[in-house]
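What's in input-v1.tsv: TSV, C-alpha atoms and all ligand atoms
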```
chain	number	residue	atom	x	y	z
Z	16	MET	CA	63.07	216.09	-161.19
Z	17	GLU	CA	64.23	217.96	-158.12
Z	18	LYS	CA	65.40	215.89	-155.16
Z	19	LYS	CA	63.87	216.45	-151.73
Z	20	ASP	CA	65.75	218.75	-149.42
Z	21	ILE	CA	67.19	216.13	-147.07
Z	22	ASP	CA	70.58	215.78	-145.42
Z	23	TRP	CA	71.02	212.36	-147.02
Z	24	SER	CA	74.32	211.55	-145.35
Z	25	SER	CA	72.88	211.86	-141.86
Z	26	LEU	CA	69.99	209.45	-142.43
Z	27	GLY	CA	69.80	206.37	-140.21
Z	28	PHE	CA	67.67	203.30	-140.86
Z	29	GLY	CA	64.25	204.79	-140.13
Z	30	TYR	CA	60.87	205.55	-141.64
Z	31	VAL	CA	60.33	208.75	-143.58
Z	32	LYS	CA	56.96	209.10	-145.26
Z	33	THR	CA	57.42	209.48	-149.02
Z	34	ASP	CA	54.85	210.71	-151.57
Z	35	LYS	CA	53.40	207.51	-153.05
Z	36	ARG	CA	52.80	203.91	-152.14
Z	37	TYR	CA	51.36	200.98	-154.12
Z	38	VAL	CA	48.21	199.11	-153.02
Z	39	SER	CA	46.39	196.10	-154.40
Z	40	ASP	CA	43.51	194.22	-152.77
Z	41	PHE	CA	42.70	190.53	-153.00
Z	42	LYS	CA	38.99	189.70	-152.79
Z	43	ASN	CA	36.73	186.93	-154.17
Z	44	GLY	CA	39.77	184.96	-155.26
Z	45	SER	CA	41.63	187.59	-157.29
Z	46	TRP	CA	43.85	190.66	-157.07
Z	47	ASP	CA	42.51	193.98	-158.30
Z	48	GLU	CA	44.53	196.00	-160.82
Z	49	GLY	CA	46.44	197.88	-158.07
Z	50	LYS	CA	47.26	201.58	-157.90
Z	51	LEU	CA	49.51	204.21	-156.45
Z	52	THR	CA	48.07	206.27	-153.64
Z	53	ASP	CA	48.98	209.22	-151.40
Z	54	ASP	CA	47.21	207.56	-148.47
Z	55	ASP	CA	49.70	206.11	-146.00
Z	56	LYS	CA	46.98	204.90	-143.61
Z	57	VAL	CA	45.58	201.36	-143.48
Z	58	VAL	CA	42.10	201.00	-141.96
Z	59	LEU	CA	41.20	197.46	-140.93
Z	60	SER	CA	38.55	195.47	-139.13
Z	61	GLU	CA	39.38	195.00	-135.46
Z	62	CYS	CA	39.28	191.27	-136.20
Z	63	ALA	CA	41.54	191.30	-139.31
Z	64	GLY	CA	43.56	188.10	-139.77
Z	65	VAL	CA	46.82	190.01	-139.49
Z	66	LEU	CA	45.84	191.50	-136.13
Z	67	GLN	CA	44.66	188.22	-134.60
Z	68	TYR	CA	46.97	185.56	-136.00
Z	69	ALA	CA	49.85	187.55	-137.52
Z	70	GLN	CA	49.12	186.48	-141.08
Z	71	THR	CA	51.65	188.74	-142.76
Z	72	CYS	CA	54.86	188.53	-144.73
Z	73	PHE	CA	57.14	191.13	-146.25
Z	74	GLU	CA	60.18	191.81	-148.39
Z	75	GLY	CA	63.00	194.34	-148.41
Z	76	LEU	CA	65.07	195.68	-151.29
Z	77	LYS	CA	66.68	198.97	-152.25
Z	78	ALA	CA	66.80	201.48	-155.09
Z	79	TYR	CA	70.14	203.12	-155.84
Z	80	THR	CA	71.29	206.09	-157.88
Z	81	THR	CA	74.16	204.85	-160.00
Z	82	GLU	CA	77.34	206.67	-160.94
Z	83	GLN	CA	75.68	207.26	-164.34
Z	84	GLY	CA	72.69	208.97	-162.65
Z	85	LYS	CA	70.18	206.18	-163.29
Z	86	ILE	CA	67.81	204.86	-160.65
Z	87	VAL	CA	68.05	201.07	-160.41
Z	88	CYS	CA	67.13	198.27	-158.05
Z	89	PHE	CA	68.89	195.01	-157.35
Z	90	ARG	CA	67.47	191.59	-158.31
Z	91	PRO	CA	63.80	192.39	-157.53
Z	92	ASP	CA	62.77	189.13	-159.24
Z	93	LEU	CA	64.34	187.23	-156.35
Z	94	ASN	CA	62.34	189.24	-153.80
Z	95	ALA	CA	59.20	188.47	-155.80
Z	96	ALA	CA	60.00	184.75	-155.78
Z	97	ARG	CA	60.79	184.75	-152.05
Z	98	MET	CA	57.54	186.54	-151.30
Z	99	SER	CA	55.71	183.79	-153.20
Z	100	ASP	CA	57.44	181.21	-150.98
Z	101	SER	CA	56.46	183.15	-147.86
Z	102	ALA	CA	52.86	183.46	-149.05
Z	103	LYS	CA	52.59	179.71	-149.75
Z	104	ARG	CA	53.87	178.77	-146.31
Z	105	LEU	CA	51.43	181.20	-144.65
Z	106	GLU	CA	48.42	180.12	-146.77
Z	107	MET	CA	48.23	183.52	-148.43
Z	108	PRO	CA	47.54	184.17	-152.11
Z	109	ILE	CA	50.58	184.78	-154.31
Z	110	PHE	CA	51.00	188.26	-155.69
Z	111	PRO	CA	52.08	187.52	-159.29
Z	112	GLU	CA	55.86	187.85	-159.54
Z	113	GLU	CA	55.90	189.96	-162.74
Z	114	ARG	CA	53.37	192.30	-161.15
Z	115	PHE	CA	55.53	192.52	-158.02
Z	116	VAL	CA	58.50	193.71	-160.10
Z	117	GLU	CA	56.33	196.16	-162.07
Z	118	ALA	CA	54.85	197.54	-158.84
Z	119	VAL	CA	58.34	198.03	-157.35
Z	120	LYS	CA	59.38	199.98	-160.46
Z	121	GLU	CA	56.18	202.04	-160.43
Z	122	VAL	CA	56.45	203.05	-156.78
Z	123	VAL	CA	60.17	203.88	-157.02
Z	124	LYS	CA	59.60	205.99	-160.13
Z	125	ALA	CA	56.79	207.85	-158.36
Z	126	ASN	CA	59.15	208.56	-155.45
Z	127	ALA	CA	62.22	209.38	-157.58
Z	128	ALA	CA	62.71	212.64	-155.69
Z	129	TRP	CA	63.28	210.56	-152.56
Z	130	VAL	CA	65.98	208.32	-154.03
Z	131	PRO	CA	69.21	209.49	-152.41
Z	132	PRO	CA	71.84	210.84	-154.81
Z	133	TYR	CA	74.90	208.85	-155.87
Z	134	GLY	CA	77.68	209.04	-153.32
Z	135	SER	CA	75.46	210.16	-150.42
Z	136	GLY	CA	75.78	206.85	-148.58
Z	137	ALA	CA	71.97	206.55	-148.48
Z	138	THR	CA	69.53	204.49	-150.56
Z	139	LEU	CA	65.77	204.15	-150.96
Z	140	TYR	CA	64.54	201.16	-148.99
Z	141	ILE	CA	61.55	199.43	-150.57
Z	142	ARG	CA	59.19	197.47	-148.35
Z	143	PRO	CA	56.62	195.22	-150.07
Z	144	TYR	CA	54.26	193.47	-147.66
Z	145	MET	CA	51.01	191.58	-147.55
Z	146	PHE	CA	48.49	190.86	-144.80
Z	147	GLY	CA	45.15	189.16	-144.14
Z	148	SER	CA	42.58	191.93	-143.93
Z	149	ASN	CA	39.12	190.43	-143.35
Z	150	PRO	CA	37.75	189.32	-139.94
Z	151	VAL	CA	39.11	185.95	-138.82
Z	152	ILE	CA	38.35	184.54	-135.39
Z	153	GLY	CA	38.63	180.76	-135.79
Z	154	VAL	CA	42.23	179.87	-136.53
Z	155	LYS	CA	42.24	179.81	-140.34
Z	156	PRO	CA	43.60	181.87	-143.22
Z	157	ALA	CA	41.89	185.12	-144.19
Z	158	ASN	CA	40.18	185.26	-147.58
Z	159	GLU	CA	40.87	188.93	-148.24
Z	160	TYR	CA	44.36	190.43	-148.38
Z	161	GLN	CA	46.14	193.65	-149.09
Z	162	PHE	CA	49.52	193.90	-150.83
Z	163	ARG	CA	51.33	197.20	-150.37
Z	164	ILE	CA	54.74	198.70	-151.13
Z	165	PHE	CA	56.08	201.79	-149.42
Z	166	THR	CA	59.52	203.35	-149.73
Z	167	THR	CA	61.70	205.24	-147.29
Z	168	PRO	CA	65.14	206.79	-147.69
Z	169	VAL	CA	67.64	205.11	-145.38
Z	170	GLY	CA	71.22	205.32	-144.23
Z	171	PRO	CA	73.22	202.52	-142.58
Z	172	TYR	CA	71.37	199.86	-140.56
Z	173	PHE	CA	73.95	199.93	-137.78
Z	174	LYS	CA	74.74	203.25	-136.13
Z	175	GLY	CA	78.47	203.16	-136.84
Z	176	GLY	CA	77.97	202.70	-140.61
Z	177	ALA	CA	80.60	200.32	-141.93
Z	178	LYS	CA	82.37	200.05	-138.53
Z	179	PRO	CA	82.54	196.53	-137.11
Z	180	VAL	CA	79.67	195.49	-134.84
Z	181	THR	CA	79.73	193.52	-131.61
Z	182	ILE	CA	77.28	190.67	-131.36
Z	183	THR	CA	76.27	188.21	-128.69
Z	184	VAL	CA	75.09	184.62	-128.87
Z	185	SER	CA	71.40	184.66	-127.98
Z	186	ASP	CA	69.94	182.42	-125.29
Z	187	PHE	CA	66.73	182.49	-127.31
Z	188	ASP	CA	66.07	180.56	-130.50
Z	189	ARG	CA	64.86	182.24	-133.66
Z	190	ALA	CA	63.41	179.41	-135.72
Z	191	ALA	CA	62.39	175.82	-135.14
Z	192	PRO	CA	63.40	172.98	-137.45
Z	193	HIS	CA	60.59	172.68	-140.02
Z	194	GLY	CA	59.23	176.05	-138.85
Z	195	THR	CA	59.16	179.41	-140.62
Z	196	GLY	CA	62.78	180.59	-140.41
Z	197	HIS	CA	63.25	180.23	-144.17
Z	198	ILE	CA	60.47	182.67	-145.06
Z	199	LYS	CA	60.03	186.37	-144.36
Z	200	ALA	CA	57.07	186.09	-142.00
Z	201	GLY	CA	56.36	188.99	-139.63
Z	202	LEU	CA	56.08	186.48	-136.80
Z	203	ASN	CA	59.82	185.68	-137.04
Z	204	TYR	CA	60.57	189.30	-136.27
Z	205	ALA	CA	57.97	189.64	-133.50
Z	206	MET	CA	59.66	186.83	-131.59
Z	207	SER	CA	63.07	188.47	-132.08
Z	208	LEU	CA	62.04	191.72	-130.37
Z	209	HIS	CA	62.64	190.56	-126.81
Z	210	PRO	CA	66.04	189.06	-127.71
Z	211	ILE	CA	67.15	192.22	-129.56
Z	212	VAL	CA	66.00	194.54	-126.77
Z	213	THR	CA	67.89	192.31	-124.34
Z	214	ALA	CA	71.00	192.36	-126.55
Z	215	HIS	CA	70.88	196.15	-126.86
Z	216	LYS	CA	70.43	196.54	-123.08
Z	217	ASN	CA	73.57	194.47	-122.65
Z	218	GLY	CA	75.51	196.66	-125.07
Z	219	PHE	CA	75.45	194.46	-128.18
Z	220	ASP	CA	74.43	195.44	-131.71
Z	221	GLU	CA	72.86	192.13	-132.72
Z	222	ASN	CA	72.19	188.51	-131.76
Z	223	MET	CA	73.74	185.44	-133.26
Z	224	TYR	CA	71.12	182.68	-133.22
Z	225	LEU	CA	72.16	179.05	-133.05
Z	226	ASP	CA	70.19	176.13	-134.46
Z	227	ALA	CA	67.30	175.37	-132.13
Z	228	ALA	CA	67.71	171.57	-132.27
Z	229	THR	CA	71.31	171.25	-131.05
Z	230	ARG	CA	72.44	174.82	-130.27
Z	231	THR	CA	75.81	173.99	-131.80
Z	232	LYS	CA	75.50	175.49	-135.28
Z	233	VAL	CA	75.45	179.09	-136.47
Z	234	GLU	CA	72.17	180.20	-138.03
Z	235	GLU	CA	71.84	183.95	-138.60
Z	236	THR	CA	71.04	187.21	-136.81
Z	237	GLY	CA	67.62	188.82	-136.46
Z	238	GLY	CA	67.99	190.60	-139.80
Z	239	ALA	CA	70.98	189.26	-141.70
Z	240	ASN	CA	72.88	186.10	-142.70
Z	241	PHE	CA	76.51	185.43	-141.78
Z	242	ILE	CA	79.56	185.19	-143.96
Z	243	PHE	CA	82.94	184.08	-142.65
Z	244	VAL	CA	86.39	184.00	-144.17
Z	245	THR	CA	88.88	181.28	-143.29
Z	246	LYS	CA	92.56	181.99	-142.70
Z	247	ASP	CA	93.30	180.73	-146.21
Z	248	GLY	CA	90.74	183.07	-147.79
Z	249	THR	CA	87.75	180.77	-148.37
Z	250	VAL	CA	84.37	182.47	-148.02
Z	251	VAL	CA	82.08	180.30	-145.88
Z	252	THR	CA	78.38	180.76	-145.18
Z	253	PRO	CA	76.07	178.61	-143.04
Z	254	LYS	CA	73.71	176.16	-144.69
Z	255	SER	CA	70.45	175.66	-142.84
Z	256	ASP	CA	66.80	175.09	-143.72
Z	257	SER	CA	65.73	177.48	-140.98
Z	258	ILE	CA	67.47	180.67	-142.09
Z	259	LEU	CA	66.25	183.23	-144.59
Z	260	PRO	CA	67.81	182.62	-148.02
Z	261	SER	CA	69.41	186.06	-148.29
Z	262	ILE	CA	69.59	187.58	-151.75
Z	263	THR	CA	72.63	189.60	-150.68
Z	264	ARG	CA	74.36	186.43	-149.53
Z	265	ARG	CA	73.58	184.56	-152.75
Z	266	SER	CA	75.03	187.52	-154.64
Z	267	ILE	CA	78.14	187.70	-152.44
Z	268	MET	CA	78.86	184.00	-152.90
Z	269	TYR	CA	78.59	184.46	-156.67
Z	270	VAL	CA	80.84	187.54	-156.57
Z	271	ALA	CA	83.38	185.70	-154.40
Z	272	GLU	CA	83.56	182.71	-156.72
Z	273	HIS	CA	83.03	184.16	-160.19
Z	274	ILE	CA	84.37	187.70	-159.94
Z	275	LEU	CA	87.01	187.55	-157.22
Z	276	GLY	CA	88.09	183.97	-157.89
Z	277	LEU	CA	87.83	182.95	-154.22
Z	278	LYS	CA	86.98	179.53	-152.89
Z	279	THR	CA	83.48	179.36	-151.39
Z	280	GLU	CA	81.65	176.91	-149.16
Z	281	THR	CA	77.99	176.82	-148.16
Z	282	ARG	CA	77.91	174.32	-145.34
Z	283	GLU	CA	76.97	173.77	-141.72
Z	284	VAL	CA	79.10	176.01	-139.52
Z	285	TYR	CA	79.67	174.89	-135.94
Z	286	PHE	CA	79.96	177.64	-133.35
Z	287	ASP	CA	83.11	175.95	-132.07
Z	288	GLU	CA	84.92	176.70	-135.33
Z	289	VAL	CA	84.00	180.41	-135.44
Z	290	LYS	CA	87.06	181.31	-133.35
Z	291	ASP	CA	89.26	179.98	-136.16
Z	292	PHE	CA	87.86	182.26	-138.87
Z	293	ALA	CA	89.88	185.27	-139.95
Z	294	GLU	CA	86.86	187.50	-140.73
Z	295	ALA	CA	83.13	187.60	-140.06
Z	296	GLY	CA	80.37	189.73	-141.48
Z	297	LEU	CA	76.60	190.17	-141.59
Z	298	CYS	CA	74.92	190.45	-144.95
Z	299	GLY	CA	71.50	191.58	-146.04
Z	300	THR	CA	69.68	194.35	-147.84
Z	301	ALA	CA	69.62	196.56	-144.75
Z	302	ALA	CA	72.98	195.39	-143.35
Z	303	VAL	CA	74.70	195.40	-146.81
Z	304	ILE	CA	77.94	193.80	-145.51
Z	305	SER	CA	78.56	194.82	-141.93
Z	306	PRO	CA	81.81	193.51	-140.47
Z	307	VAL	CA	81.66	191.70	-137.13
Z	308	GLY	CA	84.46	192.80	-134.82
Z	309	LYS	CA	83.63	190.73	-131.80
Z	310	ILE	CA	81.33	187.91	-130.70
Z	311	VAL	CA	80.62	187.60	-126.99
Z	312	TYR	CA	79.19	184.39	-125.54
Z	313	LYS	CA	78.82	182.79	-122.14
Z	314	GLY	CA	82.33	181.99	-121.09
Z	315	GLY	CA	84.30	183.98	-123.62
Z	316	GLU	CA	84.64	186.22	-126.59
Z	317	ILE	CA	86.02	186.00	-130.09
Z	318	ALA	CA	87.83	189.07	-131.41
Z	319	PHE	CA	88.52	189.04	-135.14
Z	320	PRO	CA	91.98	190.20	-136.27
Z	321	ALA	CA	90.78	193.32	-138.17
Z	322	GLY	CA	89.65	194.74	-134.81
Z	323	MET	CA	86.88	197.24	-134.09
Z	324	ASN	CA	87.81	199.89	-136.64
Z	325	ASP	CA	88.32	198.16	-139.96
Z	326	MET	CA	86.78	195.59	-142.25
Z	327	GLY	CA	88.92	192.54	-142.88
Z	328	PRO	CA	90.55	192.55	-146.35
Z	329	VAL	CA	88.32	189.90	-147.94
Z	330	THR	CA	85.15	191.39	-146.45
Z	331	LYS	CA	86.24	194.74	-147.85
Z	332	LYS	CA	86.75	193.33	-151.35
Z	333	LEU	CA	83.33	191.69	-151.24
Z	334	TYR	CA	81.77	194.93	-149.97
Z	335	GLU	CA	83.42	197.04	-152.65
Z	336	THR	CA	82.50	194.66	-155.44
Z	337	LEU	CA	78.89	194.21	-154.35
Z	338	THR	CA	78.24	197.92	-153.78
Z	339	GLY	CA	80.20	198.71	-156.96
Z	340	ILE	CA	77.75	196.52	-158.90
Z	341	GLN	CA	74.75	198.08	-157.18
Z	342	MET	CA	75.95	201.62	-157.86
Z	343	GLY	CA	76.99	201.03	-161.47
Z	344	ARG	CA	80.77	201.23	-160.96
Z	345	ILE	CA	81.33	197.57	-161.80
Z	346	GLU	CA	79.62	195.63	-164.56
Z	347	ALA	CA	76.83	193.48	-163.14
Z	348	PRO	CA	76.21	189.85	-163.91
Z	349	GLU	CA	73.34	189.45	-166.36
Z	350	GLY	CA	69.92	190.26	-164.90
Z	351	TRP	CA	71.08	191.66	-161.56
Z	352	ILE	CA	70.33	195.31	-162.20
Z	353	CYS	CA	66.81	196.46	-162.95
Z	354	GLU	CA	66.78	199.93	-164.44
Z	355	ILE	CA	63.85	202.06	-163.36
Z	356	CYS	CA	64.47	205.53	-164.76
R	1	LIG	N1	68.07	187.14	-142.64
R	1	LIG	C1	67.05	187.82	-142.12
R	1	LIG	C2	66.41	187.28	-140.90
R	1	LIG	C3	66.59	188.99	-142.72
R	1	LIG	O1	65.58	189.67	-142.20
R	1	LIG	C4	67.24	189.46	-143.87
R	1	LIG	C5	66.78	190.67	-144.55
R	1	LIG	O2	66.06	190.64	-145.49
R	1	LIG	C6	68.30	188.72	-144.39
R	1	LIG	C7	68.71	187.58	-143.74
R	1	LIG	C8	69.02	189.17	-145.62
R	1	LIG	O3	68.26	188.91	-146.77
R	1	LIG	P1	68.42	189.79	-148.05
R	1	LIG	O4	69.85	189.76	-148.42
R	1	LIG	O5	67.58	189.11	-149.06
R	1	LIG	O6	67.95	191.15	-147.72
R	2	LIG	C1	66.16	193.72	-144.91
R	2	LIG	O1	67.40	193.70	-144.88
R	2	LIG	O2	65.53	194.11	-145.90
R	2	LIG	C2	65.36	193.30	-143.77
R	2	LIG	O3	64.21	193.07	-143.93
R	2	LIG	C3	66.00	193.18	-142.45
R	2	LIG	C4	65.37	194.02	-141.42
R	2	LIG	C5	66.13	193.80	-140.16
R	2	LIG	C6	65.32	195.47	-141.75
```

For this file, write the structure as structure tokens.
Ligand code: PLP
Ligand code: COI
Amino acid sequence: MEKKDIDWSSLGFGYVKTDKRYVSDFKNGSWDEGKLTDDDKVVLSECAGVLQYAQTCFEGLKAYTTEQGKIVCFRPDLNAARMSDSAKRLEMPIFPEERFVEAVKEVVKANAAWVPPYGSGATLYIRPYMFGSNPVIGVKPANEYQFRIFTTPVGPYFKGGAKPVTITVSDFDRAAPHGTGHIKAGLNYAMSLHPIVTAHKNGFDENMYLDAATRTKVEETGGANFIFVTKDGTVVTPKSDSILPSITRRSIMYVAEHILGLKTETREVYFDEVKDFAEAGLCGTAAVISPVGKIVYKGGEIAFPAGMNDMGPVTKKLYETLTGIQMGRIEAPEGWICEIC
């Protein structure tokens, strides 16, 4: 299979139309058999549930070319399970989890020419999503849905690649207690658009959201969870019912404890203690592990010791181990790597 003629190393995090996408429709209470298609267009009723009441959820994962030349993806079963959780909370039908994983494999295989080569710094981003498609005008769930998966080759989420980012503490809240912060609902991202545009206008890469109830605890950013490292080398990550349970973060905490032998803590993190951490980073499929160099808030700023050019030493070890596992350089814990072709 010949790869597409793309300058892989100059890709940013954007949409490039690839050859095939997967589509399955839900009607009369069941999903059809699903298929790959060339058609990248979605034609909907003007009154579709997704257009009126934002009934949509999505997932994000990546396919990698390993050092051995295989195409693999990372823990797709966890994305399938999280999409089921999102669907339940939004009163949408569940797309069966085994079918989700099979569909991911099918669509990646069909777009193998778009999977960036090993060592290029790029990966194939996979975006499964589902939306209410039939007309809905009273506030209620749709009864017809479409599940789709498209892929797009991507480079780093932040412009500087692995360079530390500068973030600001948002005046806006992302998720209410008992709301939808723990699922991957499109509506969580719609409400983050004004805050992120505001942050960018003010020269920041991302927003740190605090807990909406007390505004004293660290939650997450618009598209990634936080990890921190204490001065004595413990890896700490915020515990909250209103943040997305990141698959990258769960993997990092496992790597920290079981592979690197570090102490780990998943607990509430007060903003007041952030200044005492030695390192901070953002983690997620898109963000991978992006070091945080500086946090600016009303009345001050926190500059982490590694500065604005380098990752802190523990963050770097976590980054190298996680990406080493994803790219086949380091043996993966059982079940983490899903070989596609
Ligand atoms: N938090 C938010 C709000 C996200 O959008 C994402 C991205 O998926 C994450 C965290 C990281 O989750 P994951 O590691 O599963 O990609
Ligand atoms: C991901 O990391 O997959 C996400 O969905 C985050 C988004 C900001 C791109």

Given only C-alpha atoms, how would the per-residue table for segment 188-281 of chain Z near segment 309-312 of chain Z read, listing every residue at most 10 Å away with its closest atom pair and distance in Å to one decimal, sorted by chain and number, as a Markdown table?
```
| residue | atom | partner | partner_atom | distance |
| --- | --- | --- | --- | --- |
| Z:Phe219 | CA | Z:Val311 | CA | 8.7 |
| Z:Glu221 | CA | Z:Ile310 | CA | 9.7 |
| Z:Asn222 | CA | Z:Ile310 | CA | 9.2 |
| Z:Met223 | CA | Z:Ile310 | CA | 8.4 |
```

Give the residues close to ligand LIG 2 (chain R), within 10 Å, counting all atoms listed in the file; write them as a ChimeraX atom specification.
-> /Z:28-29,73-77,94,140-143,172,199,201,204,236-240,261-263,298-303

Could you tell me which of Z:Tyr160, Z:Tyr224, Z:Tyr285, Z:Tyr269 comes closest to ligand LIG 1 (chain R) if we count only C-alpha atoms and all ligand atoms?
->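 Closest candidate: Z:Tyr224.
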
For Leu337 of chain Z, the nearest of the candidates Z:Glu234, Z:Glu159, Z:Ala271, Z:Phe243, counting only C-alpha atoms = Z:Ala271

Considering all atoms listed in the file, state which residue in the set Z:Ile355, Z:Leu225, Z:Val329, Z:Ile198 is at the smallest distance from Gly248 of chain Z.
->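 Using all atoms listed in the file, the shortest distance to Gly248 of chain Z belongs to Z:Val329.
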
Output, as JSON, the centre and edge lengths in Å (one decimal) of the axis-aligned box that contains all listed atoms of ligand LIG 1 (chain R) with 3 Å of margin on each side.
```
{"center_x": 67.7, "center_y": 189.1, "center_z": -145.0, "size_x": 10.3, "size_y": 10.0, "size_z": 14.2}
```

Could you give me, as number ranges by chain, the residues within 9 Å of Thr195 of chain Z, counting all atoms listed in the file and dropping anything in the same chain fewer than 3 positions from it?
-> Z: 101, 104-105, 190-192, 198-200, 202-203, 257-259

Distance in Å - atom CA of Ala78 of chain Z versus atom CA of Thr138 of chain Z |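 These atoms are spaced 6.1 Å apart.
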
Hey, can you check how far atom CA of Val122 of chain Z sits from atom CA of Tyr37 of chain Z?
->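 Those two atoms sit 6.1 Å apart.
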
Select all residues near (52.8, 186.9, -154.4) (cut-off 12 Å, inclusive, file coordinates), counting all atoms listed in the file, and output them as a ChimeraX atom specification.
-> /Z:39-41,45-46,71-74,92-116,118,143-146,160-163

Can you spit out the residues from that selection as a CSV table (one decimal), in the frame of the given file, using C-alpha atoms?
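Now in selection_10.csv:
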```
chain,number,residue,atom,x,y,z
Z,39,SER,CA,46.4,196.1,-154.4
Z,40,ASP,CA,43.5,194.2,-152.8
Z,41,PHE,CA,42.7,190.5,-153.0
Z,45,SER,CA,41.6,187.6,-157.3
Z,46,TRP,CA,43.8,190.7,-157.1
Z,71,THR,CA,51.6,188.7,-142.8
Z,72,CYS,CA,54.9,188.5,-144.7
Z,73,PHE,CA,57.1,191.1,-146.2
Z,74,GLU,CA,60.2,191.8,-148.4
Z,92,ASP,CA,62.8,189.1,-159.2
Z,93,LEU,CA,64.3,187.2,-156.4
Z,94,ASN,CA,62.3,189.2,-153.8
Z,95,ALA,CA,59.2,188.5,-155.8
Z,96,ALA,CA,60.0,184.8,-155.8
Z,97,ARG,CA,60.8,184.8,-152.0
Z,98,MET,CA,57.5,186.5,-151.3
Z,99,SER,CA,55.7,183.8,-153.2
Z,100,ASP,CA,57.4,181.2,-151.0
Z,101,SER,CA,56.5,183.2,-147.9
Z,102,ALA,CA,52.9,183.5,-149.0
Z,103,LYS,CA,52.6,179.7,-149.8
Z,104,ARG,CA,53.9,178.8,-146.3
Z,105,LEU,CA,51.4,181.2,-144.6
Z,106,GLU,CA,48.4,180.1,-146.8
Z,107,MET,CA,48.2,183.5,-148.4
Z,108,PRO,CA,47.5,184.2,-152.1
Z,109,ILE,CA,50.6,184.8,-154.3
Z,110,PHE,CA,51.0,188.3,-155.7
Z,111,PRO,CA,52.1,187.5,-159.3
Z,112,GLU,CA,55.9,187.8,-159.5
Z,113,GLU,CA,55.9,190.0,-162.7
Z,114,ARG,CA,53.4,192.3,-161.2
Z,115,PHE,CA,55.5,192.5,-158.0
Z,116,VAL,CA,58.5,193.7,-160.1
Z,118,ALA,CA,54.8,197.5,-158.8
Z,143,PRO,CA,56.6,195.2,-150.1
Z,144,TYR,CA,54.3,193.5,-147.7
Z,145,MET,CA,51.0,191.6,-147.6
Z,146,PHE,CA,48.5,190.9,-144.8
Z,160,TYR,CA,44.4,190.4,-148.4
Z,161,GLN,CA,46.1,193.6,-149.1
Z,162,PHE,CA,49.5,193.9,-150.8
Z,163,ARG,CA,51.3,197.2,-150.4
```

Do you have the atom CA of Trp129 of chain Z-atom CA of Thr81 of chain Z distance handy?
->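 Pair atom CA of Trp129 of chain Z / atom CA of Thr81 of chain Z returns 14.4 Å.
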
In the coordinate frame of the file, compute which residues have an atom within 12 Å of (88.9, 182.8, -142.7) when using all atoms listed in the file, and state them as a ChimeraX atom specification.
-> /Z:242-252,277-280,288-296,319-321,327-330

9 Å contact set for Gly170 of chain Z, all atoms listed in the file, chain neighbours under 5 positions out, as a PyMOL selection string = chain Z and resi 23-29+135-139+176+301

Find, counting all atoms listed in the file, the residue in Z:Gly134, Z:Gly175, Z:Pro156, Z:Gly194 that gets nearest to Asn324 of chain Z.
->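 Once distances to Asn324 of chain Z are computed over all atoms listed in the file, the minimum belongs to Z:Gly175.
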